[in-house]
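Structure, as structure tokens:
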Amino acid sequence: MSENTSAAAGAAGEEMVVLRDVSKVFKTGKTRVTAVDAVDLTVRRGEIFAIIGYSGAGKSTLVRLINGLEPVTSGTLTVDGRTISGASESELRSVRTDIGMIFQQFNLMNSKTVAGNVAFPLKVAGWPRERRAARVKELLEFVGLESKAKNYPDQLSGGQKQRVGIARALATQPNLLLADESTSALDPETTEEVLRLLTRVNKELGITVVVITHEMDVVSTIADRVAVMEEGRVVEEGPVYDVFSNPRTAPARRFVSTAVKTLPTGDAAAKLKRRHPGYLVNVEIKDQTPVGSVLSHIGQRGVSFNIVQGGLETLQGRTYGTLTLELTGEITAIDAVVEQLKTVTTVKEVRA
Amino acid sequence: MSLATTSILAARSLSAAGTDWTRLRPKLSDAVVDTLIMVASTMVIAGIAGLIIGTLLYTTRQGNILQNRALNGVLNFVVNFIRPIPFIIMAVALGPLMLNTINTTIGIEAAIFAMVFTATFAVARIVEQNLVSIDPGVIEAARAMGASKTKIMFSVMLPEALGPLILGYTFLVIGVVDMSAMAGYLGAGGLGDFALQEGYRRFNWEVTAVAVLIIIVMVQFVQLLGNVLARKMLRR
């Protein structure tokens with residue numbers, strides 16, 4: 001993949017995709033639907049940027065604005081210094097050969113072989129036949145499907161199809177790869193396989209990746225930074241660790257709770273309390289949080305503990321998660337333990 | 001020739017047993033050739049014209065690559081207007097247009113003209129219906145790769161729909177054979193005319209049966225060819 005070194009041209013951290021006050025309004029008859037609402041966003045070169053949101057949040061529309069599949073209604077959008085907003089269809093065609101895209105349903109051409117699918121963007125870009133053949137071989141080796149070159153998409157599994165999709169998207173050596181719900185149609189195992197491949201695309205080839213997803217696991221596995229979308233707006237944005245460990249908005253909190261067990265509330269808390277009659281507290285675990293050393297000494301106070309629920313994630317090489325503890329002993333002693341825990345981490349009482 | 005001999009000859013030719021095949025054989029082979037010419041040229045000309053109109057019908061739809069509400073509306077109206085007209089009425093109604101373009105309303109050219117005109121719109125609808133089944137995601141993927149509209153039409157849409165298109169065309173061949181059987185009314189030959197003139201009007205059921213048999217063989221052959229080709233294209 002030596003030819004792809006060009007993709008890494010420009011220093012990492014520079015602005016790659018810039019959206020300034022970008023809106024997209026769909027008009028059908030008299031109804032106007034604002035799919036993307038005044039979004040400001042910057043994707044930096046060399047990072048994996050995730051956009052997470054529920055279906056209908058506008059994230060798929062947003063990603064289609066980036067390569068001009070949908071024109072913006074207002075605002076400015078640039079990719080690698082080139083202005084996408086307001087560009088003509090022919091200008092966009094040349095921009096698009098520098099932006100790869102993969103899809104939830106893979107969108108491979110069933111009438112063409114695996115090699116034919118991968119060669120298609122090269123034909124579009126006008127590569128001569130010999131260079132095409134060499135490039136297709138190189139790409140299929142990269143995604144580990146060289147033996148399937150002559151097969152048709154119908155003969156492949158979902159994971160293999162998405163790998164072909166990735167090979168096809170990388171064919172013309174883009175600087176940017178857009179992944180639209182690229183793992184949503186796959187089982188957990190193949191999801192992992194595809195995510196590993198996307199990480200390689202980012203690390204080995206230096207390609208900036210924008211991932212659209214509704215799965216927080218995808219974000220926690222591969223992304224550097226994340227934007228949370230709701231009703232067409234970006235409600236929260238930041239490094240993945242920060243958003244996970246300190247979500248500031250309701251949708252962000254909901255997504256985080258799908259990936260890591262957070263403070264139990266409502267029904268879940270009531271059930272937990274019924275099964276565990278002791279005093280229940282939820283403690284936050286971050287890197288270097290000395291919760292363990294506090295707990296190892298509470299026996300001296302006549303308090304014992306039991307871990308009843310929780311989960312830890314490694315995000316960008318750092319630990320984050322919460323544990324729910326059941327504390328039993330004298331009430332005053334428990335109070336003292338809780339106070340001590342509060343000196344090292346965030347502690348919340350579990351209320352039904 | 002006396003009246004008596006004429007009537008004897010007529011009576012003999014009326015009885016199936018005494019069909020005069022030495023007289024009929026050259027007529028029959030001419031009829032087969034005429035039918036083949038009419039069907040083949042109609043399928044080629046209407047096949048191409050219908051492919052263009054059908055592709056336009058599909059691509060000018062809302063949200064498609066050539067989205068154009070006015071053109072789509074006009075094309076739809078024309079196709080729906082022409083398709084229900086029975087062929088024989090259409091052939092007659094086209095008279096003035098034929099006089100203005102091919103300078104005749106009689107003979108094989110006139111028949112082909114009427115058949116092409118009618119078949120084009122049937123082909124257009126079949127093409128449109130087969131293109132509709134293409135996954136829009138595949139077209140979006142091609143757009144995302146920077147493919148032009150013509151590239152998308154010829155390198156994505158048509159290849160993706162080729163299998164069903166072949167089956168659609170095969171289906172239409174039978175309709176065109178059906179039309180060709182009425183070509184006799186325009187003074188063109190063909191198997192239909194042969195069966196009518198030499199069979200039906202002379203009460204010679206053997207001749208009629210032979211004509212029917214030949215048409216069945218032709219249609220079966222075309223259907224077989226279409227199936228084999230389509231299977232090859234679908235390869236699944």
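Residue names in the structure tokens use chain letters A, B, ... in the order shown, residue numbers from 1 in each chain, and ligand numbers from 1 in the order shown.
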Write out as a VMD selection string every residue belonging to chain A that has an atom at most 6 Å from any atom of chain B, counting only C-alpha atoms.
-> chain A and resid 93 96 to 97 107 111 121 124
Would you mind exporting the chosen residues as a tab-separated table (two decimals), in the first residue's frame, restricted to C-alpha atoms?
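So the final result, stored in part_15.tsv, reads:
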```tsv
chain	number	residue	atom	x	y	z
A	93	ARG	CA	-17.33	14.36	-8.96
A	96	ARG	CA	-15.59	12.44	-4.48
A	97	THR	CA	-12.74	10.39	-5.93
A	107	ASN	CA	-24.07	-1.49	-1.81
A	111	SER	CA	-23.45	-8.02	-11.59
A	121	PRO	CA	-13.96	3.52	-8.92
A	124	VAL	CA	-14.39	6.08	-13.05
```
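The residues of stretch 54-157 of chain A that DSSP assigns to strand (DSSP E or B) on this backbone come out as Ser74, Gly75, Thr76, Leu77, Thr78, Val79, Arg82, Thr83, Ile99, Gly100, Met101 and Ile102 of chain A.
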Serialized selection, C-alpha atoms, as a compact mmCIF listing (two decimals), in the first residue's frame:
```txt
# COMPACT_ATOMS: atom_id res chain seq x y z
CA SER A 74 -27.02 26.89 4.14
CA GLY A 75 -23.63 27.26 5.77
CA THR A 76 -20.17 26.36 4.51
CA LEU A 77 -18.55 22.97 4.32
CA THR A 78 -14.95 22.30 3.28
CA VAL A 79 -13.06 19.05 2.89
CA ARG A 82 -11.92 22.40 -0.96
CA THR A 83 -15.32 23.98 -0.66
CA ILE A 99 -13.44 10.64 -0.43
CA GLY A 100 -14.22 6.96 0.11
CA MET A 101 -17.57 5.84 1.44
CA ILE A 102 -18.89 2.58 2.87
```
In Å, how far is it from atom CA of B:Tyr58 to atom CA of B:Leu131?
->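 Between these atoms lies a distance of 6.8 Å.
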Could you tell me how far atom CA of B:Met218 lies from atom CA of B:Val92, in Å and to one decimal?
->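 Computing it gives 27.0 Å between the two atoms.
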Residues of stretch 123-336 of chain A in helix (DSSP H, G or I), written as a ChimeraX atom specification | /A:123-124,129-142,146-148,153-155,158-170,188-205,216-222,240-245,250-259,266-275,291-295,298-301,331-336
Could you state the separation of atom CA of B:Val173 and atom CA of B:Ala46 in Å, given to one decimal place?
-> 10.8 Å
Could you pull the residues within 6 Å of A:Val209, counting only C-alpha atoms, minus those fewer than 5 positions along the same chain, as JSON, numbers by chain?
-> {"A": [48, 176, 177, 178]}
Residues at most 12 Å from B:Val219, counting only C-alpha atoms, excluding those fewer than 3 positions away in the same chain, as number ranges by chain?
-> B: 35-36, 39, 170-178, 212-216, 222-226
Quick one: write out the picked residues with N, CA and C atoms as a compact mmCIF listing (two decimals), in the first residue's frame?
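Output file result.txt is given in full below:
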```
# COMPACT_ATOMS: atom_id res chain seq x y z
N THR B 35 -41.95 -13.46 -41.20
CA THR B 35 -42.19 -13.36 -39.76
C THR B 35 -40.88 -13.06 -39.02
N LEU B 36 -39.83 -13.80 -39.39
CA LEU B 36 -38.54 -13.59 -38.72
C LEU B 36 -38.05 -12.16 -38.94
N VAL B 39 -40.30 -9.75 -36.84
CA VAL B 39 -40.08 -9.85 -35.39
C VAL B 39 -38.69 -9.34 -35.04
N THR B 170 -37.57 -11.19 -23.60
CA THR B 170 -38.04 -12.50 -24.08
C THR B 170 -39.57 -12.55 -24.06
N PHE B 171 -40.10 -12.05 -22.97
CA PHE B 171 -41.55 -12.00 -22.81
C PHE B 171 -42.18 -11.17 -23.94
N LEU B 172 -41.50 -10.08 -24.28
CA LEU B 172 -42.05 -9.19 -25.30
C LEU B 172 -41.97 -9.78 -26.70
N VAL B 173 -40.97 -10.65 -26.95
CA VAL B 173 -40.86 -11.28 -28.28
C VAL B 173 -42.18 -11.96 -28.63
N ILE B 174 -42.79 -12.60 -27.65
CA ILE B 174 -44.03 -13.33 -27.88
C ILE B 174 -45.14 -12.36 -28.29
N GLY B 175 -45.18 -11.21 -27.62
CA GLY B 175 -46.15 -10.19 -27.98
C GLY B 175 -45.92 -9.68 -29.40
N VAL B 176 -44.65 -9.58 -29.78
CA VAL B 176 -44.33 -9.09 -31.11
C VAL B 176 -44.69 -10.14 -32.17
N VAL B 177 -44.48 -11.42 -31.86
CA VAL B 177 -44.90 -12.49 -32.77
C VAL B 177 -46.41 -12.40 -32.96
N ASP B 178 -47.11 -12.14 -31.89
CA ASP B 178 -48.56 -11.99 -31.92
C ASP B 178 -48.95 -10.85 -32.88
N VAL B 212 -49.20 -22.93 -36.96
CA VAL B 212 -49.22 -22.81 -35.49
C VAL B 212 -48.01 -23.50 -34.89
N LEU B 213 -47.74 -24.70 -35.43
CA LEU B 213 -46.62 -25.49 -34.92
C LEU B 213 -45.30 -24.73 -35.09
N ILE B 214 -45.12 -24.14 -36.25
CA ILE B 214 -43.87 -23.41 -36.51
C ILE B 214 -43.74 -22.23 -35.53
N ILE B 215 -44.84 -21.53 -35.32
CA ILE B 215 -44.80 -20.40 -34.39
C ILE B 215 -44.46 -20.87 -32.98
N ILE B 216 -45.06 -22.00 -32.59
CA ILE B 216 -44.77 -22.53 -31.25
C ILE B 216 -43.28 -22.85 -31.12
N VAL B 222 -37.02 -19.03 -28.65
CA VAL B 222 -36.68 -17.72 -28.10
C VAL B 222 -36.72 -17.74 -26.57
N GLN B 223 -37.75 -18.39 -26.03
CA GLN B 223 -37.89 -18.46 -24.57
C GLN B 223 -36.71 -19.20 -23.95
N LEU B 224 -36.32 -20.30 -24.59
CA LEU B 224 -35.19 -21.08 -24.10
C LEU B 224 -33.92 -20.24 -24.10
N LEU B 225 -33.71 -19.55 -25.21
CA LEU B 225 -32.53 -18.70 -25.36
C LEU B 225 -32.52 -17.62 -24.27
N GLY B 226 -33.69 -17.01 -24.07
CA GLY B 226 -33.80 -15.96 -23.05
C GLY B 226 -33.50 -16.49 -21.67
```
Residues at most 10 Å from A:Glu14, counting only C-alpha atoms, excluding those fewer than 5 positions away in the same chain, as a VMD selection string?
-> chain A and resid 42 to 47 80
Those same residues - N, CA and C atoms - I'd like them written as a compact mmCIF listing (two decimals), in the first residue's frame.
```txt
# COMPACT_ATOMS: atom_id res chain seq x y z
N THR A 42 -15.63 20.18 13.39
CA THR A 42 -14.33 20.09 12.75
C THR A 42 -13.78 18.68 12.94
N VAL A 43 -13.46 18.04 11.83
CA VAL A 43 -12.80 16.74 11.89
C VAL A 43 -11.35 16.98 11.54
N ARG A 44 -10.43 16.49 12.41
CA ARG A 44 -9.01 16.75 12.17
C ARG A 44 -8.38 15.64 11.36
N ARG A 45 -7.37 16.00 10.62
CA ARG A 45 -6.67 15.03 9.79
C ARG A 45 -6.06 13.92 10.65
N GLY A 46 -6.29 12.69 10.21
CA GLY A 46 -5.65 11.54 10.87
C GLY A 46 -6.43 10.96 12.03
N GLU A 47 -7.58 11.53 12.36
CA GLU A 47 -8.33 10.98 13.50
C GLU A 47 -9.50 10.11 13.02
N ASP A 80 -10.67 19.08 3.18
CA ASP A 80 -9.28 19.17 2.74
C ASP A 80 -9.04 20.49 1.99
```
Residue contacts of stretch 151-153 of chain A (9 Å, only C-alpha atoms) excluding same-chain residues fewer than 6 positions away, as a PyMOL selection string = (chain A and resi 108-115+117+160-161+164) or (chain B and resi 235-236)
Spatial neighbours of stretch 210-227 of chain A, 8 Å, only C-alpha atoms, chain gap at least 4 places, as a VMD selection string | chain A and resid 43 47 to 55 59 to 60 63 176 to 182 184 195 199 234 to 240 243 255 to 256 258 to 259 314 to 316
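Between A:Gly299 and the residues A:Val72, A:Leu327, A:Val143, A:Leu263, the shortest atom-to-atom distance, using only C-alpha atoms, involves A:Leu327.
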Looking at B:Leu71, B:Val79, B:Leu229, B:Ala110, which one is nearest to B:Ala93, with distances taken over only C-alpha atoms?
->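 That would be B:Ala110, the residue with the smallest distance to B:Ala93.
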